[in-house]
Amino acid sequence: MDVERTALPGIGLQHVMTTGRGRQLGIISHRSGRRDLVVYDREDPDSCVATVALTAEEANAIAELLGTGRIVEHLAELHRQVEGLVTEQLPIAAGSPYVGRPLGDTQARTRTSASIVAVVREGQVFASPRPDFVFAAGDVVVVVGTGEGTAAVAAILADG
């Protein structure tokens with residue numbers, strides 16, 4: 001059985017398998033612990049026909065019902081082993097010195113070697129934001145780097 005694994009920056013991991021009857025099923029493992037069970041359309045495998053959001057506890061219960069309780073543990077471990085990279089979602093608090101200022105002012109990549117790869121604002125994703133992207137309170141910044149680098153970006157966004 002082939003399972004295709006795809007990293008979803010800022011979200012988690014996606015695992016997709018094809019059943020013997022040709023149906024594609026997926027599990028999206030969010031960093032928060034939530035799991036989405038996804039059934040993809042037979043005609044258009046990029047579209048889903050059903051999604052069920054599961055808490056970590058619900059995902060564990062379903063895994064045990066299927067006789068594979070260790071799958072959830074395995075998915076969590078895979079999530080932690082993305083080639084030494086860490087993805088963090090960092091909120092821009094109202095008191096951040098960067099509210100109303102452009103991303104370039106942070107000099108995050110130069111100062112930390114971590115990269116800001118997206119910003120989520122009110123449900124809209126701004127992928128690969130340019131240096132002139134202006135932060136707003138409530139934005140969620142998606143950062144990729146080492147644990148040390150992403151922690152340093154968090155400190156920059158919080159304290160300057």
# chains A, B, ... in the order shown; residues from 1 in each chain; ligands from 1
>>> closest_atom_pairs(of="segment 16-118 of chain A", to="segment 144-156 of chain A", cutoff="7 Å", atoms="only C-alpha atoms", output="JSON lines")
{"residue": "A:Gly84", "atom": "CA", "partner": "A:Thr146", "partner_atom": "CA", "distance": 6.6}
{"residue": "A:Leu85", "atom": "CA", "partner": "A:Thr146", "partner_atom": "CA", "distance": 5.2}
{"residue": "A:Val86", "atom": "CA", "partner": "A:Gly145", "partner_atom": "CA", "distance": 5.5}
{"residue": "A:Thr87", "atom": "CA", "partner": "A:Val144", "partner_atom": "CA", "distance": 4.5}
{"residue": "A:Glu88", "atom": "CA", "partner": "A:Val144", "partner_atom": "CA", "distance": 6.6}
{"residue": "A:Leu90", "atom": "CA", "partner": "A:Ala154", "partner_atom": "CA", "distance": 6.4}
{"residue": "A:Ala108", "atom": "CA", "partner": "A:Val153", "partner_atom": "CA", "distance": 6.1}
{"residue": "A:Thr112", "atom": "CA", "partner": "A:Gly149", "partner_atom": "CA", "distance": 5.0}
{"residue": "A:Ser113", "atom": "CA", "partner": "A:Gly149", "partner_atom": "CA", "distance": 6.1}
{"residue": "A:Ala114", "atom": "CA", "partner": "A:Gly145", "partner_atom": "CA", "distance": 4.3}
{"residue": "A:Ser115", "atom": "CA", "partner": "A:Val144", "partner_atom": "CA", "distance": 5.3}
{"residue": "A:Ile116", "atom": "CA", "partner": "A:Val144", "partner_atom": "CA", "distance": 6.5}
{"residue": "A:Val117", "atom": "CA", "partner": "A:Val144", "partner_atom": "CA", "distance": 6.8}
>>> write_last_selection(atoms="N, CA and C atoms", output="CSV table (one decimal), in the first residue's frame")
chain,number,residue,atom,x,y,z
A,84,GLY,N,14.5,18.2,10.1
A,84,GLY,CA,15.1,19.2,10.9
A,84,GLY,C,14.4,20.5,10.8
A,85,LEU,N,13.4,20.7,10.0
A,85,LEU,CA,12.7,22.0,9.9
A,85,LEU,C,11.5,22.0,10.8
A,86,VAL,N,11.2,23.2,11.3
A,86,VAL,CA,10.1,23.4,12.2
A,86,VAL,C,9.2,24.5,11.5
A,87,THR,N,7.9,24.3,11.5
A,87,THR,CA,7.0,25.3,11.0
A,87,THR,C,6.2,25.8,12.2
A,88,GLU,N,6.2,27.1,12.4
A,88,GLU,CA,5.5,27.7,13.5
A,88,GLU,C,4.5,28.7,13.0
A,90,LEU,N,2.8,32.1,14.2
A,90,LEU,CA,3.1,33.1,15.2
A,90,LEU,C,2.1,34.2,15.1
A,108,ALA,N,13.9,39.4,9.4
A,108,ALA,CA,13.8,38.1,10.1
A,108,ALA,C,14.8,37.1,9.5
A,112,THR,N,17.8,35.6,11.7
A,112,THR,CA,17.5,34.3,12.3
A,112,THR,C,17.7,33.1,11.4
A,113,SER,N,17.9,33.3,10.1
A,113,SER,CA,18.0,32.3,9.1
A,113,SER,C,16.7,31.5,8.9
A,114,ALA,N,15.6,32.0,9.5
A,114,ALA,CA,14.2,31.4,9.4
A,114,ALA,C,13.5,32.3,8.4
A,115,SER,N,12.5,31.7,7.7
A,115,SER,CA,11.8,32.4,6.6
A,115,SER,C,10.3,32.5,7.0
A,116,ILE,N,9.8,33.7,6.7
A,116,ILE,CA,8.3,33.9,6.8
A,116,ILE,C,7.8,33.5,5.4
A,117,VAL,N,7.0,32.4,5.4
A,117,VAL,CA,6.5,31.8,4.2
A,117,VAL,C,5.1,32.2,3.9
>>> select_by_dssp(residues="segment 77-154 of chain A", states="alpha helix (DSSP H)", output="number ranges by chain")
A: 77-80, 108-112, 147-154
>>> write_last_selection(atoms="all heavy atoms", output="compact mmCIF listing (two decimals), in the first residue's frame")
# COMPACT_ATOMS: atom_id res chain seq x y z
N GLU A 77 4.66 11.30 14.93
CA GLU A 77 6.13 11.21 14.85
C GLU A 77 6.64 11.72 13.51
O GLU A 77 7.62 12.45 13.45
CB GLU A 77 6.59 9.77 15.09
CG GLU A 77 8.10 9.59 15.05
CD GLU A 77 8.83 10.40 16.11
OE1 GLU A 77 8.25 10.71 17.17
OE2 GLU A 77 10.00 10.74 15.87
N LEU A 78 5.97 11.36 12.43
CA LEU A 78 6.37 11.86 11.11
C LEU A 78 6.28 13.38 11.07
O LEU A 78 7.13 14.05 10.47
CB LEU A 78 5.48 11.26 10.02
CG LEU A 78 5.73 9.81 9.67
CD1 LEU A 78 4.67 9.33 8.69
CD2 LEU A 78 7.11 9.61 9.08
N HIS A 79 5.26 13.90 11.70
CA HIS A 79 5.09 15.35 11.73
C HIS A 79 6.27 16.04 12.40
O HIS A 79 6.67 17.13 12.01
CB HIS A 79 3.79 15.69 12.46
CG HIS A 79 3.49 17.13 12.48
ND1 HIS A 79 3.57 17.87 13.63
CD2 HIS A 79 3.15 17.99 11.50
CE1 HIS A 79 3.27 19.12 13.35
NE2 HIS A 79 3.01 19.21 12.08
N ARG A 80 6.84 15.40 13.41
CA ARG A 80 7.98 15.99 14.12
C ARG A 80 9.29 15.83 13.36
O ARG A 80 10.27 16.46 13.70
CB ARG A 80 8.09 15.35 15.50
CG ARG A 80 6.98 15.77 16.44
CD ARG A 80 7.26 15.27 17.84
NE ARG A 80 7.06 13.84 17.98
CZ ARG A 80 5.91 13.27 18.29
NH1 ARG A 80 4.85 14.01 18.48
NH2 ARG A 80 5.79 11.97 18.40
N ALA A 108 13.87 39.43 9.44
CA ALA A 108 13.80 38.12 10.09
C ALA A 108 14.77 37.11 9.48
O ALA A 108 15.49 36.43 10.21
CB ALA A 108 12.37 37.58 10.04
N ARG A 109 14.81 37.00 8.16
CA ARG A 109 15.68 35.99 7.56
C ARG A 109 17.15 36.30 7.84
O ARG A 109 17.93 35.41 8.19
CB ARG A 109 15.45 35.88 6.06
CG ARG A 109 16.27 34.72 5.47
CD ARG A 109 16.09 34.53 4.00
NE ARG A 109 14.69 34.39 3.66
CZ ARG A 109 14.20 34.57 2.46
NH1 ARG A 109 14.98 34.90 1.47
NH2 ARG A 109 12.93 34.42 2.23
N THR A 110 17.53 37.55 7.73
CA THR A 110 18.91 37.95 7.97
C THR A 110 19.30 37.71 9.43
O THR A 110 20.39 37.23 9.72
CB THR A 110 19.11 39.44 7.63
OG1 THR A 110 18.74 39.63 6.26
CG2 THR A 110 20.54 39.88 7.84
N ARG A 111 18.40 38.03 10.34
CA ARG A 111 18.69 37.94 11.77
C ARG A 111 18.58 36.52 12.33
O ARG A 111 19.22 36.22 13.34
CB ARG A 111 17.74 38.85 12.54
CG ARG A 111 17.96 40.32 12.25
CD ARG A 111 16.86 41.21 12.78
NE ARG A 111 16.78 41.22 14.23
CZ ARG A 111 15.83 41.87 14.90
NH1 ARG A 111 14.88 42.52 14.27
NH2 ARG A 111 15.82 41.82 16.21
N THR A 112 17.77 35.64 11.67
CA THR A 112 17.48 34.34 12.28
C THR A 112 17.73 33.13 11.38
O THR A 112 17.70 32.01 11.86
CB THR A 112 16.01 34.27 12.71
OG1 THR A 112 15.18 34.25 11.54
CG2 THR A 112 15.62 35.43 13.62
N GLY A 147 14.26 25.13 15.05
CA GLY A 147 13.54 25.51 16.26
C GLY A 147 14.07 26.81 16.84
O GLY A 147 13.30 27.69 17.26
N GLU A 148 15.38 26.94 16.83
CA GLU A 148 16.02 28.16 17.35
C GLU A 148 15.65 29.37 16.50
O GLU A 148 15.35 30.45 17.01
CB GLU A 148 17.54 27.95 17.36
CG GLU A 148 18.32 29.10 17.95
CD GLU A 148 19.81 28.78 17.97
OE1 GLU A 148 20.21 27.92 18.77
OE2 GLU A 148 20.54 29.39 17.18
N GLY A 149 15.67 29.19 15.18
CA GLY A 149 15.35 30.29 14.26
C GLY A 149 13.91 30.75 14.39
O GLY A 149 13.63 31.95 14.42
N THR A 150 12.97 29.79 14.47
CA THR A 150 11.57 30.19 14.58
C THR A 150 11.29 30.84 15.94
O THR A 150 10.50 31.77 16.01
CB THR A 150 10.62 28.99 14.35
OG1 THR A 150 10.91 27.95 15.28
CG2 THR A 150 10.74 28.46 12.92
N ALA A 151 11.96 30.39 16.98
CA ALA A 151 11.81 31.03 18.29
C ALA A 151 12.34 32.47 18.25
O ALA A 151 11.76 33.37 18.86
CB ALA A 151 12.54 30.23 19.37
N ALA A 152 13.43 32.67 17.52
CA ALA A 152 13.99 34.01 17.38
C ALA A 152 13.03 34.93 16.62
O ALA A 152 12.87 36.11 16.96
CB ALA A 152 15.36 33.95 16.69
N VAL A 153 12.37 34.41 15.58
CA VAL A 153 11.39 35.22 14.86
C VAL A 153 10.22 35.57 15.80
O VAL A 153 9.75 36.69 15.79
CB VAL A 153 10.87 34.51 13.58
CG1 VAL A 153 9.72 35.28 12.95
CG2 VAL A 153 12.00 34.34 12.57
N ALA A 154 9.78 34.62 16.61
CA ALA A 154 8.71 34.89 17.57
C ALA A 154 9.10 36.04 18.49
O ALA A 154 8.29 36.94 18.76
CB ALA A 154 8.38 33.63 18.38
>>> residues_around(residues="Gly100 of chain A", least_positions_apart="4", cutoff="9 Å", atoms="only C-alpha atoms", output="ChimeraX atom specification")
/A:134-137
>>> write_last_selection(atoms="N, CA, C and O atoms", output="mmCIF file, in the first residue's frame")
data_model
loop_
_atom_site.group_PDB
_atom_site.id
_atom_site.type_symbol
_atom_site.label_atom_id
_atom_site.label_comp_id
_atom_site.auth_asym_id
_atom_site.auth_seq_id
_atom_site.Cartn_x
_atom_site.Cartn_y
_atom_site.Cartn_z
ATOM 1 N N VAL A 134 2.464 44.702 4.791
ATOM 2 C CA VAL A 134 2.296 45.394 6.075
ATOM 3 C C VAL A 134 1.485 44.520 7.032
ATOM 4 O O VAL A 134 0.379 44.084 6.715
ATOM 5 N N PHE A 135 2.051 44.269 8.212
ATOM 6 C CA PHE A 135 1.401 43.454 9.231
ATOM 7 C C PHE A 135 0.250 44.200 9.894
ATOM 8 O O PHE A 135 0.295 45.427 10.047
ATOM 9 N N ALA A 136 -0.754 43.438 10.320
ATOM 10 C CA ALA A 136 -1.877 43.972 11.094
ATOM 11 C C ALA A 136 -2.035 43.122 12.345
ATOM 12 O O ALA A 136 -1.672 41.936 12.358
ATOM 13 N N ALA A 137 -2.575 43.714 13.391
ATOM 14 C CA ALA A 137 -2.851 42.953 14.611
ATOM 15 C C ALA A 137 -3.799 41.818 14.260
ATOM 16 O O ALA A 137 -4.750 41.991 13.500
#
>>> closest_residue(among="A:Val141, A:Ala53, A:Asp159, A:Asp44", to="Gln124 of chain A", atoms="only C-alpha atoms")
A:Val141
>>> residues_around(residues="Leu37 of chain A", least_positions_apart="5", cutoff="6 Å", atoms="only C-alpha atoms", output="JSON list (two decimals) with all heavy atoms, in the first residue's frame")
[["chain", "number", "residue", "atom", "x", "y", "z"],
["A", 26, "GLY", "N", -7.67, 10.59, 2.53],
["A", 26, "GLY", "CA", -6.56, 11.34, 3.10],
["A", 26, "GLY", "C", -6.78, 11.67, 4.56],
["A", 26, "GLY", "O", -7.91, 11.69, 5.05],
["A", 27, "ILE", "N", -5.68, 11.90, 5.22],
["A", 27, "ILE", "CA", -5.68, 12.39, 6.60],
["A", 27, "ILE", "C", -4.81, 13.64, 6.61],
["A", 27, "ILE", "O", -3.66, 13.59, 6.17],
["A", 27, "ILE", "CB", -5.09, 11.37, 7.59],
["A", 27, "ILE", "CG1", -5.84, 10.05, 7.56],
["A", 27, "ILE", "CG2", -5.02, 11.96, 9.00],
["A", 27, "ILE", "CD1", -7.21, 10.09, 8.18],
["A", 51, "THR", "N", -15.32, 15.90, 4.09],
["A", 51, "THR", "CA", -14.26, 16.13, 5.06],
["A", 51, "THR", "C", -14.89, 16.03, 6.45],
["A", 51, "THR", "O", -15.95, 16.59, 6.69],
["A", 51, "THR", "CB", -13.65, 17.54, 4.89],
["A", 51, "THR", "OG1", -13.14, 17.66, 3.58],
["A", 51, "THR", "CG2", -12.52, 17.77, 5.88],
["A", 52, "VAL", "N", -14.22, 15.30, 7.32],
["A", 52, "VAL", "CA", -14.69, 15.17, 8.70],
["A", 52, "VAL", "C", -13.55, 15.62, 9.61],
["A", 52, "VAL", "O", -12.47, 15.02, 9.60],
["A", 52, "VAL", "CB", -15.09, 13.71, 9.03],
["A", 52, "VAL", "CG1", -15.54, 13.60, 10.48],
["A", 52, "VAL", "CG2", -16.16, 13.22, 8.08]]
>>> decode(residues="segment 22-144 of chain A", atoms="C-alpha atoms", output="short mmCIF file (atom, residue, chain, number, x, y, z; two decimals), in the first residue's frame")
data_model
loop_
_atom_site.label_atom_id
_atom_site.label_comp_id
_atom_site.auth_asym_id
_atom_site.auth_seq_id
_atom_site.Cartn_x
_atom_site.Cartn_y
_atom_site.Cartn_z
CA GLY A 22 -9.56 3.28 -6.60
CA ARG A 23 -10.89 5.66 -3.94
CA GLN A 24 -8.46 8.20 -2.52
CA LEU A 25 -8.63 8.83 1.21
CA GLY A 26 -6.56 11.34 3.10
CA ILE A 27 -5.68 12.39 6.60
CA ILE A 28 -4.57 15.94 7.26
CA SER A 29 -2.71 16.10 10.56
CA HIS A 30 -2.84 19.65 11.87
CA ARG A 31 -0.19 20.97 14.21
CA SER A 32 -2.95 21.56 16.79
CA GLY A 33 -3.61 17.81 17.00
CA ARG A 34 -6.82 17.97 14.98
CA ARG A 35 -7.14 15.49 12.14
CA ASP A 36 -9.26 15.85 9.02
CA LEU A 37 -10.46 12.69 7.31
CA VAL A 38 -10.88 13.49 3.62
CA VAL A 39 -12.58 11.53 0.82
CA TYR A 40 -11.50 12.71 -2.61
CA ASP A 41 -13.66 12.84 -5.75
CA ARG A 42 -13.15 9.87 -8.10
CA GLU A 43 -13.24 12.09 -11.20
CA ASP A 44 -11.19 14.98 -9.80
CA PRO A 45 -8.67 13.82 -7.17
CA ASP A 46 -7.88 17.46 -6.32
CA SER A 47 -11.44 17.94 -5.03
CA CYS A 48 -12.90 16.36 -1.94
CA VAL A 49 -16.43 15.10 -1.60
CA ALA A 50 -16.38 14.87 2.19
CA THR A 51 -14.26 16.13 5.06
CA VAL A 52 -14.69 15.17 8.70
CA ALA A 53 -12.78 17.18 11.31
CA LEU A 54 -11.67 15.00 14.22
CA THR A 55 -10.12 15.86 17.56
CA ALA A 56 -7.01 13.90 18.53
CA GLU A 57 -9.17 11.76 20.82
CA GLU A 58 -11.70 11.02 18.04
CA ALA A 59 -8.89 10.15 15.61
CA ASN A 60 -7.43 7.75 18.19
CA ALA A 61 -10.83 6.10 18.71
CA ILE A 62 -11.33 5.56 14.97
CA ALA A 63 -7.79 4.22 14.61
CA GLU A 64 -8.46 1.72 17.39
CA LEU A 65 -11.75 0.70 15.79
CA LEU A 66 -9.82 -0.02 12.60
CA GLY A 67 -7.27 -2.01 14.59
CA THR A 68 -4.39 0.36 13.92
CA GLY A 69 -4.02 2.43 17.08
CA ARG A 70 -0.35 3.05 16.33
CA ILE A 71 -1.09 4.95 13.08
CA VAL A 72 -1.91 8.14 14.98
CA GLU A 73 1.34 7.85 16.94
CA HIS A 74 3.22 7.24 13.69
CA LEU A 75 1.61 10.28 12.01
CA ALA A 76 2.53 12.46 14.99
CA GLU A 77 6.13 11.21 14.85
CA LEU A 78 6.37 11.86 11.11
CA HIS A 79 5.09 15.35 11.73
CA ARG A 80 7.98 15.99 14.12
CA GLN A 81 10.60 14.68 11.66
CA VAL A 82 10.37 17.03 8.70
CA GLU A 83 14.08 16.99 7.96
CA GLY A 84 15.08 19.16 10.91
CA LEU A 85 12.73 21.97 9.91
CA VAL A 86 10.09 23.42 12.17
CA THR A 87 7.02 25.31 11.03
CA GLU A 88 5.48 27.72 13.50
CA GLN A 89 2.34 29.83 13.39
CA LEU A 90 3.06 33.07 15.22
CA PRO A 91 0.31 35.60 15.97
CA ILE A 92 0.92 39.32 15.61
CA ALA A 93 -0.41 40.67 18.91
CA ALA A 94 -1.95 44.13 19.12
CA GLY A 95 1.11 45.29 21.09
CA SER A 96 3.68 44.03 18.57
CA PRO A 97 6.12 46.69 17.39
CA TYR A 98 5.44 45.47 13.83
CA VAL A 99 1.70 46.23 13.67
CA GLY A 100 1.37 48.65 10.74
CA ARG A 101 4.94 48.03 9.61
CA PRO A 102 6.23 46.06 6.61
CA LEU A 103 7.69 42.56 6.85
CA GLY A 104 11.05 43.84 5.55
CA ASP A 105 11.49 45.90 8.71
CA THR A 106 11.80 42.68 10.74
CA GLN A 107 14.90 41.54 8.82
CA ALA A 108 13.80 38.12 10.09
CA ARG A 109 15.68 35.99 7.56
CA THR A 110 18.91 37.95 7.97
CA ARG A 111 18.69 37.94 11.77
CA THR A 112 17.48 34.34 12.28
CA SER A 113 17.96 32.28 9.07
CA ALA A 114 14.25 31.41 9.35
CA SER A 115 11.80 32.38 6.62
CA ILE A 116 8.34 33.92 6.79
CA VAL A 117 6.54 31.84 4.17
CA ALA A 118 2.95 33.03 4.61
CA VAL A 119 0.67 35.32 6.55
CA VAL A 120 -2.92 34.41 7.37
CA ARG A 121 -5.30 37.34 7.83
CA GLU A 122 -8.99 36.78 8.58
CA GLY A 123 -8.91 33.40 6.84
CA GLN A 124 -7.09 34.66 3.73
CA VAL A 125 -3.60 33.27 3.07
CA PHE A 126 -0.88 35.54 1.70
CA ALA A 127 1.75 33.06 0.48
CA SER A 128 5.35 34.23 0.08
CA PRO A 129 4.64 37.77 1.26
CA ARG A 130 6.90 40.46 -0.16
CA PRO A 131 9.07 42.70 2.06
CA ASP A 132 6.52 45.52 1.64
CA PHE A 133 3.66 43.40 3.11
CA VAL A 134 2.30 45.39 6.08
CA PHE A 135 1.40 43.45 9.23
CA ALA A 136 -1.88 43.97 11.09
CA ALA A 137 -2.85 42.95 14.61
CA GLY A 138 -4.34 39.47 14.52
CA ASP A 139 -2.26 38.28 11.55
CA VAL A 140 -0.79 34.81 11.91
CA VAL A 141 2.72 34.55 10.49
CA VAL A 142 3.88 31.16 9.21
CA VAL A 143 7.62 30.71 9.78
CA VAL A 144 9.87 27.86 8.62
#
